[in-house]
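Visitor: If you scroll down you'll find the structure; I have some questions about it.
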Amino acid sequence: MYLLPECERGVITTKHGITTCSLGLTNQTAFTFKLGYGDEMLEKLSGEELVNYVIQETKDNQVVYYLRLPQKGDYYLIVFAILVPDEPVTAEGTYKAICEYKVVCDEPARAKPATFPACSDVSWGPDGFVLQHGLTPNNRDGILMAPKGHTEVTFDKRGDVRVYARLVKPGVSDAELKKALSIRTEGDKVIVSVDLPQEGEYGLEIFANNPNKDGEMFTHVCQYLASYTKDPPLIAYGKVPDVVKQKVRRPLDPSLENRALYKPLHASIDAWDGGSPSQYLSEGYPFGQATGATPEKIFTQRAVEPEQEYKPHSSDVYTSEIDVKPPEHFEAVKITSKEEAPEPEVAKVPTQKLFKDTNVFKDIDTHAVEVSKLEHGSFRDILWHLIYARDITNDLDRARAIFLWLCSKDLNELNFTDFEKGSPEETLMSLKNGQTTYARVYETLCSYANLHCKTLSGYAKGAEYKPGMRFVGQQGQHSWNAVLVNDTWQLVDCHWAARRLVGKQLSSDNVRYELDEYYFMPAPAQLIFSHFPENPTWQLIEKQLSREEFEDLVPVKPTFFKYNLQLLSHTDAVITSTNDVTIRIDCPPHKTKSLRFTFNITYDDGREEFEGLKLNRFGMQELVGSICFVTFRPPEKASYQLVIYVKDLDNQAKEGIYAGICEYKVVCEATLGNRAFPPCVHTTWGAGDSASKFEIVPLQQGAIVSTKNGLAEIKFRLNTKTRLRFMAKLKSNDRDDKSLGVYTMYRVVGDVVVFRVNAPSDGEFGLEIYANNPESGGNTLQHVYQYLVIARDVPDLVEPFPALSTGFLGPQAGYAQLGLSTVDQVDPFIQTSSGDLQVSFGTTQPLRLTSQLMFASNNANKEVSEFVLQQGSDTGVTFVIKLPEKGMYKFQVFAAPQSAVVESLPGVYNYLIDCRGTIANGVPFPKQFGPWKEGCYLYEPLEGHLQPNRPSKGSASSYQHIYFSMEVPRAVTVAVIIGSEWTQLDQKKPGSWEGEVYMEKHWEEERKASVCANFSTSGTSYSTLLEYSI
């Protein structure tokens, strides 16, 4: 890699909010990036992720970044890279930071919207991954200009490769987007043709599949930006720097050579502390990997929904009055053999569901449940009441009504006293007596409702199944149905729909009746994870699985598909590992705020502890973007069971109830020792269940933070005007909670709350964050976030923070009501290397103010307020501070209205000052009395000790004189008093007093000098303002 001449400088300026930058390539390389705004490296502006304002385009010999920025200001673009191997691999590599640009935006981009389409990857154009999957692109650019709405992408293919494409554009229906695409094959070429329905920008995603190797697995291989605009590329996207053919002049990161690659959907980049963005970049905190994983493939587990919702019979059909008794002429007739059902064909594999949401069946369901509650004398009566009395003619409506009736019917209420052998009544009674199956009954009911239905026999991964189990003999045998609806075969399992296992052990006490909608016509590509028919034709998937492949598949539960989740790794049920294991699950972006994941880990024999620690302590779960990461650190050579669960916080009826989604057997072939994660309250890291209640938004992605020299900051945006209270706890395997309490603190800076960690040593620490809304939550603190802090390069001597009460830093109660505002030091945590600083506040009314400075290092609590000079004006107050030694200081400001009668001034604002070095001279300021703090300002002398051998004589005529200059509003006279000698100062202008005092006779005789003022024209009383030592 090398820097192009036009991009060698570290600062780039936009024109109308648009710019580009580029790197040259000499090897196949994969890239990702991070874009932050301002010194805080904000990842969002106005709720929009900044990555959506950037296109990363990878070409043969360069990578180009197109930026279209939403707001004027400074941005930081950090580029990460890793080399691409010739063939796909399963091991994971680490992206490394290689360069950083500062981007100065002159004005917001004019494009509406400024964001690019949200596609699956951060990389646009045909990068090295498309070559790995047998496709050679003829279009090398990531941006396809379509001035008339038409464009094409052509690939040369090697071998048996299938291509799937889709368009992405908010506001345009799926139906329109599908119509805009067509794919055709001409010899060894695959051509994707696009006719865009309207002007704008579209994401064009390309997926590839080798059916001989991948089965039903499609891999996202590349994506393009299809631009239907009249503007030329230079105007719309900026100038692309030219590639100069040359030797590599600036090697960026030689350690990237020969690295194995895992292509993530989201880059995992560690957070950094508040300094310059590049200061805290780390090499990443690697996740585990193991054999049996398939991270380079995306197994299509999501069902394809119809373009429009299914419309059943009108509600009148199910609500009008009917005669529940069948008429005499009605006969229960089985579907005739002349209408023999067709065998399933690959061309008619149901790739699309027949409905979107089972709520569409609410009228049918109500009717079926009502029928199930009544007693009927014969099968004929049931059939009439359920189907024919309401003249249900739609295939799907009939199949649904029968499904609901069978799943809802209390079998104990079935009672046919007189029936013939082989009759439908005998079949129903056999189910009651446990002599037949739900599948046989469903087939019987369907056949009399003019529906073709088959009973499928095979194996199923039920409640007794454990990952890695092989099906032998009758073990795992099960039956379910295929019903022909609208000329396509659909799968139904009434037995599993009506019975759900609750609890760890299989017993009659743990099985409860509860309808599980998933088993009514699930996508065959989903049901294959749990159901395997003896006749492989009835898998109803294009690439059929062998029984061994089915046994290898991870058992995936209905809840997994309910929330439209997808495995991005580890589709095998058994994971063999010699190190850590990380499982990745993708969830829909619109559910990332409400879905919560957790897990449970046990040994294969059910034991839950290793050396006295729960095995769950060796696991960690976090949600990064839309991807759930579950990491397990096996402590010893053994077999483990790992079950992953999910719950939906939006589901108020079942809030707090987790449901299993998948289960693994982890076989660790090495003893790795005790590497438990820190002992935090939850195994879930990142947002907790209560996070959404407090309207706080994290400004860093993920739940893993690396320190720089032992320091790290975690920041949140406060989207509420309520003054929240917080508490932070630091956790470690090696230290007790009390001793760690002094290594973390928090403060509020504007609308951002910042939690700072000063790690006492290298290692892993857990940071628990709690919040409280005093207006609604009393004094109860709720767990809201949890982070894993990786401490590196910690200095030998680490100074803890002084003990601070909750909410000590920043504004206190009454601050806003007094009309105070910070002017310069808006952050209540100040770091200085000089020891000299100023703290200023604006005021809107006359106030009485004072302050206190405490040296607080090493458990000290020593007042050093003599090193603070309070300077007043009509519009504010400034505290001039000089710190006499290195260490931590607490600086507190107290205030009240000037008219208020109070015994002591209440605290209104607190600072913590970290003095890392000082050049201050150590001489205190003059002592200040109450009248001075009512708007006075001192120009000289500033040092509180007067002496002839001072560094400068200031405005004095000689070193034997001291010149006094100050502002004392409302004063009538001002005098300097030394012993019995008074020197009146001259009023040069209203409120401004100056004068020179001859000191030679006082140096040896006197020890103090006072500045006093008379504020009354009718009196002779003087008030002391300042006092100096001599």
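Naming works like this for the structure tokens: A, B, ... for the chains as they're shown, residue 1 at the start of each chain, ligands 1 onward in shown order.
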Counting only C-alpha atoms, which residues of stretch 711-805 of chain A fall within 10 Å of stretch 618-641 of chain A, and what is the closest atom pair for each with its distance in Å at one decimal, ordered by chain and rising number, as a Markdown table?
Guide:
| residue | atom | partner | partner_atom | distance |
| --- | --- | --- | --- | --- |
| A:Gln786 | CA | A:Glu622 | CA | 9.5 |
| A:Tyr787 | CA | A:Glu622 | CA | 9.2 |
| A:Leu788 | CA | A:Met620 | CA | 9.3 |
Visitor: Considering only C-alpha atoms, return as a compact mmCIF listing (two decimals) with all heavy atoms, in the first residue's frame whatever protein or nucleic-acid residues lie within 10 Å of A:Tyr37, sequence-local ones (same chain, fewer than 3 positions apart) excluded.
Guide:
# COMPACT_ATOMS: atom_id res chain seq x y z
N GLU A 40 -14.41 14.68 20.13
CA GLU A 40 -15.06 13.60 20.86
C GLU A 40 -15.26 12.37 19.99
O GLU A 40 -15.75 11.34 20.46
CB GLU A 40 -16.40 14.06 21.42
CG GLU A 40 -16.28 15.12 22.49
CD GLU A 40 -17.63 15.53 23.05
OE1 GLU A 40 -18.66 15.22 22.41
OE2 GLU A 40 -17.67 16.16 24.10
N MET A 41 -14.92 12.46 18.70
CA MET A 41 -15.08 11.36 17.76
C MET A 41 -16.51 10.79 17.80
O MET A 41 -16.74 9.59 17.92
CB MET A 41 -14.08 10.24 18.06
CG MET A 41 -12.69 10.53 17.54
SD MET A 41 -12.62 10.70 15.74
CE MET A 41 -12.93 9.02 15.21
N LEU A 42 -17.48 11.69 17.70
CA LEU A 42 -18.88 11.26 17.68
C LEU A 42 -19.12 10.38 16.47
O LEU A 42 -18.72 10.71 15.35
CB LEU A 42 -19.81 12.48 17.63
CG LEU A 42 -19.69 13.49 18.78
CD1 LEU A 42 -20.66 14.62 18.59
CD2 LEU A 42 -19.91 12.81 20.12
N GLU A 43 -19.81 9.26 16.67
CA GLU A 43 -20.09 8.33 15.58
C GLU A 43 -21.46 8.58 14.96
O GLU A 43 -21.79 7.97 13.95
CB GLU A 43 -20.00 6.90 16.09
CG GLU A 43 -18.61 6.54 16.57
CD GLU A 43 -18.55 5.12 17.11
OE1 GLU A 43 -19.49 4.35 16.88
OE2 GLU A 43 -17.55 4.80 17.75
N LYS A 44 -22.25 9.47 15.58
CA LYS A 44 -23.57 9.81 15.05
C LYS A 44 -23.75 11.32 15.07
O LYS A 44 -23.24 12.00 15.96
CB LYS A 44 -24.69 9.18 15.89
CG LYS A 44 -24.84 7.68 15.75
CD LYS A 44 -26.04 7.21 16.57
CE LYS A 44 -26.26 5.72 16.44
NZ LYS A 44 -27.43 5.27 17.23
N LEU A 45 -24.48 11.83 14.09
CA LEU A 45 -24.94 13.21 14.09
C LEU A 45 -26.42 13.19 13.78
O LEU A 45 -26.84 12.58 12.79
CB LEU A 45 -24.18 14.05 13.05
CG LEU A 45 -22.71 14.39 13.38
CD1 LEU A 45 -22.09 15.17 12.23
CD2 LEU A 45 -22.60 15.19 14.67
N LEU A 50 -22.40 7.99 11.12
CA LEU A 50 -21.55 8.71 10.17
C LEU A 50 -21.03 7.80 9.07
O LEU A 50 -20.69 8.28 7.98
CB LEU A 50 -20.37 9.36 10.91
CG LEU A 50 -20.72 10.58 11.76
CD1 LEU A 50 -19.47 11.16 12.39
CD2 LEU A 50 -21.43 11.65 10.94
N GLN A 71 -22.53 18.02 8.04
CA GLN A 71 -22.43 19.18 8.93
C GLN A 71 -21.04 19.79 8.83
O GLN A 71 -20.04 19.10 8.71
CB GLN A 71 -22.71 18.71 10.37
CG GLN A 71 -22.70 19.81 11.41
CD GLN A 71 -23.15 19.29 12.76
OE1 GLN A 71 -24.16 18.60 12.86
NE2 GLN A 71 -22.40 19.59 13.81
N LYS A 72 -20.98 21.10 8.90
CA LYS A 72 -19.71 21.80 8.88
C LYS A 72 -18.91 21.45 10.12
O LYS A 72 -19.44 21.28 11.20
CB LYS A 72 -19.96 23.31 8.82
CG LYS A 72 -18.70 24.16 8.73
CD LYS A 72 -19.06 25.64 8.64
CE LYS A 72 -17.80 26.51 8.57
NZ LYS A 72 -18.14 27.95 8.47
N GLY A 73 -17.57 21.32 9.96
CA GLY A 73 -16.73 21.02 11.12
C GLY A 73 -15.60 20.07 10.75
O GLY A 73 -15.34 19.79 9.57
N ASP A 74 -14.92 19.58 11.79
CA ASP A 74 -13.78 18.69 11.61
C ASP A 74 -14.19 17.24 11.82
O ASP A 74 -14.84 16.90 12.82
CB ASP A 74 -12.66 19.04 12.60
CG ASP A 74 -12.08 20.42 12.34
OD1 ASP A 74 -12.29 20.94 11.23
OD2 ASP A 74 -11.43 20.97 13.24
N TYR A 75 -13.77 16.38 10.89
CA TYR A 75 -14.01 14.95 10.97
C TYR A 75 -12.66 14.23 10.97
O TYR A 75 -11.66 14.77 10.50
CB TYR A 75 -14.84 14.44 9.79
CG TYR A 75 -16.24 15.01 9.70
CD1 TYR A 75 -16.45 16.34 9.28
CD2 TYR A 75 -17.36 14.24 9.99
CE1 TYR A 75 -17.73 16.86 9.19
CE2 TYR A 75 -18.64 14.76 9.90
CZ TYR A 75 -18.82 16.07 9.49
OH TYR A 75 -20.07 16.58 9.40
N TYR A 76 -12.65 13.00 11.45
CA TYR A 76 -11.45 12.17 11.40
C TYR A 76 -11.80 10.85 10.73
O TYR A 76 -12.71 10.14 11.17
CB TYR A 76 -10.90 11.92 12.81
CG TYR A 76 -10.41 13.18 13.48
CD1 TYR A 76 -11.26 13.93 14.29
CD2 TYR A 76 -9.11 13.63 13.29
CE1 TYR A 76 -10.83 15.10 14.89
CE2 TYR A 76 -8.66 14.80 13.89
CZ TYR A 76 -9.53 15.53 14.69
OH TYR A 76 -9.10 16.68 15.29
N LEU A 77 -11.10 10.54 9.64
CA LEU A 77 -11.29 9.30 8.89
C LEU A 77 -10.10 8.39 9.18
O LEU A 77 -8.96 8.74 8.85
CB LEU A 77 -11.41 9.57 7.40
CG LEU A 77 -11.49 8.34 6.50
CD1 LEU A 77 -12.81 7.61 6.70
CD2 LEU A 77 -11.32 8.73 5.02
N LYS A 102 -7.59 14.06 8.72
CA LYS A 102 -8.50 15.05 9.25
C LYS A 102 -9.22 15.67 8.07
O LYS A 102 -8.59 16.16 7.13
CB LYS A 102 -7.75 16.12 10.04
CG LYS A 102 -8.67 17.21 10.61
CD LYS A 102 -7.87 18.23 11.41
CE LYS A 102 -8.78 19.31 12.00
NZ LYS A 102 -8.01 20.30 12.80
N VAL A 103 -10.55 15.65 8.10
CA VAL A 103 -11.36 16.17 7.00
C VAL A 103 -12.08 17.41 7.49
O VAL A 103 -12.89 17.34 8.42
CB VAL A 103 -12.37 15.11 6.50
CG1 VAL A 103 -13.13 15.65 5.29
CG2 VAL A 103 -11.66 13.81 6.15
N PRO A 277 -7.92 11.41 18.16
CA PRO A 277 -8.51 10.11 17.85
C PRO A 277 -7.49 9.01 17.66
O PRO A 277 -7.72 7.88 18.08
CB PRO A 277 -9.28 10.40 16.56
CG PRO A 277 -9.60 11.85 16.64
CD PRO A 277 -8.43 12.48 17.34
Visitor: So the first atom is atom CA of A:Tyr388 and the second is atom CA of A:Phe330; what is the distance between them in Å, to one decimal place?
Guide: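 Atom CA of A:Phe330 lies at a distance of 9.2 Å from atom CA of A:Tyr388.
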Visitor: Taking only stretch 430-578 of chain A into account, list the residues labelled strand (DSSP E) by DSSP (computed from the backbone), as an mmCIF file with C-alpha atoms, in the first residue's frame.
Guide:
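Output below, filename part36.cif:
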data_model
loop_
_atom_site.group_PDB
_atom_site.id
_atom_site.type_symbol
_atom_site.label_atom_id
_atom_site.label_comp_id
_atom_site.auth_asym_id
_atom_site.auth_seq_id
_atom_site.Cartn_x
_atom_site.Cartn_y
_atom_site.Cartn_z
ATOM 1 C CA CYS A 453 -52.145 -33.561 2.737
ATOM 2 C CA LYS A 454 -49.268 -35.966 3.440
ATOM 3 C CA THR A 455 -47.986 -37.326 6.724
ATOM 4 C CA LEU A 456 -44.207 -37.088 6.736
ATOM 5 C CA SER A 457 -42.153 -39.421 8.896
ATOM 6 C CA GLY A 458 -38.590 -38.767 9.898
ATOM 7 C CA TYR A 459 -36.427 -37.379 12.673
ATOM 8 C CA ALA A 460 -36.764 -34.204 14.698
ATOM 9 C CA GLN A 477 -38.622 -40.234 15.351
ATOM 10 C CA HIS A 478 -41.409 -37.789 14.638
ATOM 11 C CA SER A 479 -44.150 -37.054 12.115
ATOM 12 C CA TRP A 480 -45.532 -33.851 10.651
ATOM 13 C CA ASN A 481 -47.435 -32.783 7.537
ATOM 14 C CA ALA A 482 -47.131 -31.329 4.088
ATOM 15 C CA VAL A 483 -50.332 -29.726 2.826
ATOM 16 C CA LEU A 484 -50.909 -28.516 -0.728
ATOM 17 C CA VAL A 485 -52.016 -24.863 -0.655
ATOM 18 C CA THR A 488 -47.330 -25.385 -3.417
ATOM 19 C CA TRP A 489 -46.542 -27.787 -0.614
ATOM 20 C CA GLN A 490 -46.426 -26.177 2.824
ATOM 21 C CA LEU A 491 -45.160 -27.753 6.052
ATOM 22 C CA VAL A 492 -47.190 -27.979 9.270
ATOM 23 C CA ARG A 499 -46.839 -28.414 22.994
ATOM 24 C CA ARG A 500 -43.861 -26.389 24.161
ATOM 25 C CA LEU A 501 -41.269 -27.658 26.604
ATOM 26 C CA VAL A 511 -44.750 -29.596 29.205
ATOM 27 C CA ARG A 512 -47.451 -26.967 28.911
ATOM 28 C CA TYR A 513 -49.945 -26.344 26.118
ATOM 29 C CA HIS A 531 -37.066 -31.688 10.995
ATOM 30 C CA PHE A 532 -35.586 -34.303 8.638
ATOM 31 C CA PRO A 533 -38.029 -36.400 6.546
ATOM 32 C CA GLN A 566 -29.427 -15.269 11.183
ATOM 33 C CA LEU A 567 -26.262 -17.194 12.003
ATOM 34 C CA VAL A 574 -20.480 -29.293 17.571
ATOM 35 C CA ILE A 575 -17.611 -26.818 17.813
ATOM 36 C CA THR A 576 -14.127 -28.211 18.298
ATOM 37 C CA SER A 577 -11.665 -25.738 19.759
#
Visitor: Nearest to A:Asp648 among A:Leu1025, A:Leu595, A:Cys446, A:Met888, with distances taken over only C-alpha atoms: which residue is it?
Guide: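 Nearest to A:Asp648: A:Leu595.
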Visitor: Any idea what's packed within 7 Å of stretch 142-158 of chain A, counting only C-alpha atoms, ignoring anything in its chain fewer than 3 positions away? Could you give it as number ranges by chain?
Guide: A: 57, 124-126, 134-139, 161, 188-196, 224-230
Visitor: Residues as selected, C-alpha atoms, written as a compact mmCIF listing (two decimals), in the first residue's frame, can you do that?
Guide:
# COMPACT_ATOMS: atom_id res chain seq x y z
CA GLU A 57 -14.77 1.72 -3.14
CA TRP A 124 -18.40 -1.01 -2.31
CA GLY A 125 -17.21 -2.33 -5.65
CA PRO A 126 -15.70 -5.72 -6.56
CA GLY A 134 -15.73 -17.89 -8.93
CA LEU A 135 -16.76 -14.49 -10.31
CA THR A 136 -14.59 -12.02 -12.20
CA PRO A 137 -16.29 -8.62 -12.52
CA ASN A 138 -16.12 -6.64 -15.75
CA ASN A 139 -17.24 -3.49 -13.92
CA VAL A 161 -21.93 -20.47 -9.66
CA ASP A 188 -19.80 -18.08 -19.04
CA LYS A 189 -21.12 -14.61 -18.34
CA VAL A 190 -23.69 -13.55 -15.78
CA ILE A 191 -25.37 -10.20 -16.45
CA VAL A 192 -27.31 -8.32 -13.79
CA SER A 193 -29.53 -5.73 -15.47
CA VAL A 194 -31.07 -2.84 -13.55
CA ASP A 195 -33.83 -0.45 -14.65
CA LEU A 196 -34.32 1.96 -11.78
CA TYR A 224 -22.51 -1.27 -6.02
CA LEU A 225 -24.03 2.18 -5.81
CA ALA A 226 -26.41 2.60 -8.73
CA SER A 227 -26.80 6.35 -9.28
CA TYR A 228 -29.75 7.61 -11.31
CA THR A 229 -28.79 11.27 -11.48
CA LYS A 230 -28.21 13.86 -14.17
Visitor: Near A:Val839, counting only C-alpha atoms, which residues have an atom at most 7 Å away, once you skip same-chain residues fewer than 3 positions from it, shown as a list in words?
Guide: Asp824, Gln825, Thr878, Phe879 and Val880 of chain A
Visitor: Include N, CA and C atoms and write out the residues we just selected as a short mmCIF file (atom, residue, chain, number, x, y, z; two decimals), in the first residue's frame.
Guide:
data_model
loop_
_atom_site.label_atom_id
_atom_site.label_comp_id
_atom_site.auth_asym_id
_atom_site.auth_seq_id
_atom_site.Cartn_x
_atom_site.Cartn_y
_atom_site.Cartn_z
N ASP A 824 -15.00 28.94 30.05
CA ASP A 824 -13.83 28.31 29.45
C ASP A 824 -13.71 26.83 29.84
N GLN A 825 -13.81 26.51 31.11
CA GLN A 825 -13.63 25.13 31.55
C GLN A 825 -15.00 24.45 31.63
N THR A 878 -13.98 35.23 37.37
CA THR A 878 -12.89 34.35 36.97
C THR A 878 -12.08 33.98 38.21
N PHE A 879 -11.79 32.70 38.33
CA PHE A 879 -10.93 32.22 39.40
C PHE A 879 -9.57 31.88 38.79
N VAL A 880 -8.56 32.64 39.20
CA VAL A 880 -7.21 32.38 38.74
C VAL A 880 -6.56 31.42 39.73
#
Visitor: With a distance cut-off of 6 Å and only C-alpha atoms, select the neighbouring residues of A:Gly876, excluding the residue or stretch itself and same-chain residues fewer than 4 positions from it, and output the selection as a ChimeraX atom specification.
Guide: /A:841-843
Visitor: Keeping only N, CA and C atoms, write those residues as a compact mmCIF listing (two decimals), in the first residue's frame.
Guide:
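Output (again29.txt):
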# COMPACT_ATOMS: atom_id res chain seq x y z
N PHE A 841 -16.91 31.92 34.91
CA PHE A 841 -18.36 31.72 34.82
C PHE A 841 -19.02 33.02 34.38
N GLY A 842 -20.02 32.91 33.55
CA GLY A 842 -20.86 34.05 33.21
C GLY A 842 -21.98 34.17 34.22
N THR A 843 -22.41 35.40 34.49
CA THR A 843 -23.49 35.63 35.45
C THR A 843 -24.57 36.50 34.81
Visitor: Pick out the closest residue to A:Glu764 from this set: A:Val11, A:Leu724, A:Cys680, A:Ile644. Count only C-alpha atoms.
Guide: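 Between A:Val11, A:Leu724, A:Cys680, A:Ile644, the residue approaching A:Glu764 most closely is A:Cys680.
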Visitor: Need to verify the contact set: A:Gln870, 9 Å, only C-alpha atoms, exclusion of same-chain residues closer than 6 positions in sequence. Can you return it as number ranges by chain?
Guide: A: 849-851, 877-881, 928, 932-933, 935-938
Visitor: Select from stretch 119-239 of chain A everything DSSP, run on the backbone, classes as alpha helix (DSSP H), then give the selection as a list in words.
Guide: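 Output for stretch 119-239 of chain A, alpha helix (DSSP H) only: Gly128, Phe129, Val130, Leu131, Gln132, Asp174, Ala175, Glu176, Leu177, Lys178, Lys179, Pro211, Asn212, Lys213, Asp214, Pro233, Leu234, Ile235, Ala236 and Tyr237 of chain A.
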Visitor: Counting only C-alpha atoms, what is within 10 Å of stretch 403-412 of chain A, bar same-chain residues fewer than 3 positions away, as a PyMOL selection string?
Guide: chain A and resi 364-374+382+386+397-400+415+428-429+431-433+438+441-442+445-446+492-499+513-517+519-520
Visitor: Taking only C-alpha atoms into account, which of A:Asp827, A:Ile790, A:Val784, A:Thr19 comes nearest A:Tyr746?
Guide: A:Asp827
Visitor: Rounded to one decimal, what separation in Å do you get between atom CA of A:Val976 and atom CA of A:Ala1009?
Guide: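 Interatomic distance, atom CA of A:Val976 to atom CA of A:Ala1009: 6.9 Å.
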Visitor: Which one of A:Leu946, A:Leu781, A:Met745, A:Val753 sits closest to A:Leu912 if you count only C-alpha atoms?
Guide: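 Under the stated criterion, the closest residue is A:Met745.
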Visitor: Go through A:Pro589, A:Val997, A:Ala81, A:Phe694 and flag the residue nearest A:Pro774, using only C-alpha atoms for the distances.
Guide: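 Of A:Pro589, A:Val997, A:Ala81, A:Phe694, the one nearest A:Pro774, counting only C-alpha atoms, is A:Phe694.
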Visitor: Enter the distance from atom CA of A:Arg584 to atom CA of A:Leu565, in Å, rounded to one decimal.
Guide: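 Calculated distance between atom CA of A:Arg584 and atom CA of A:Leu565 is 10.5 Å.
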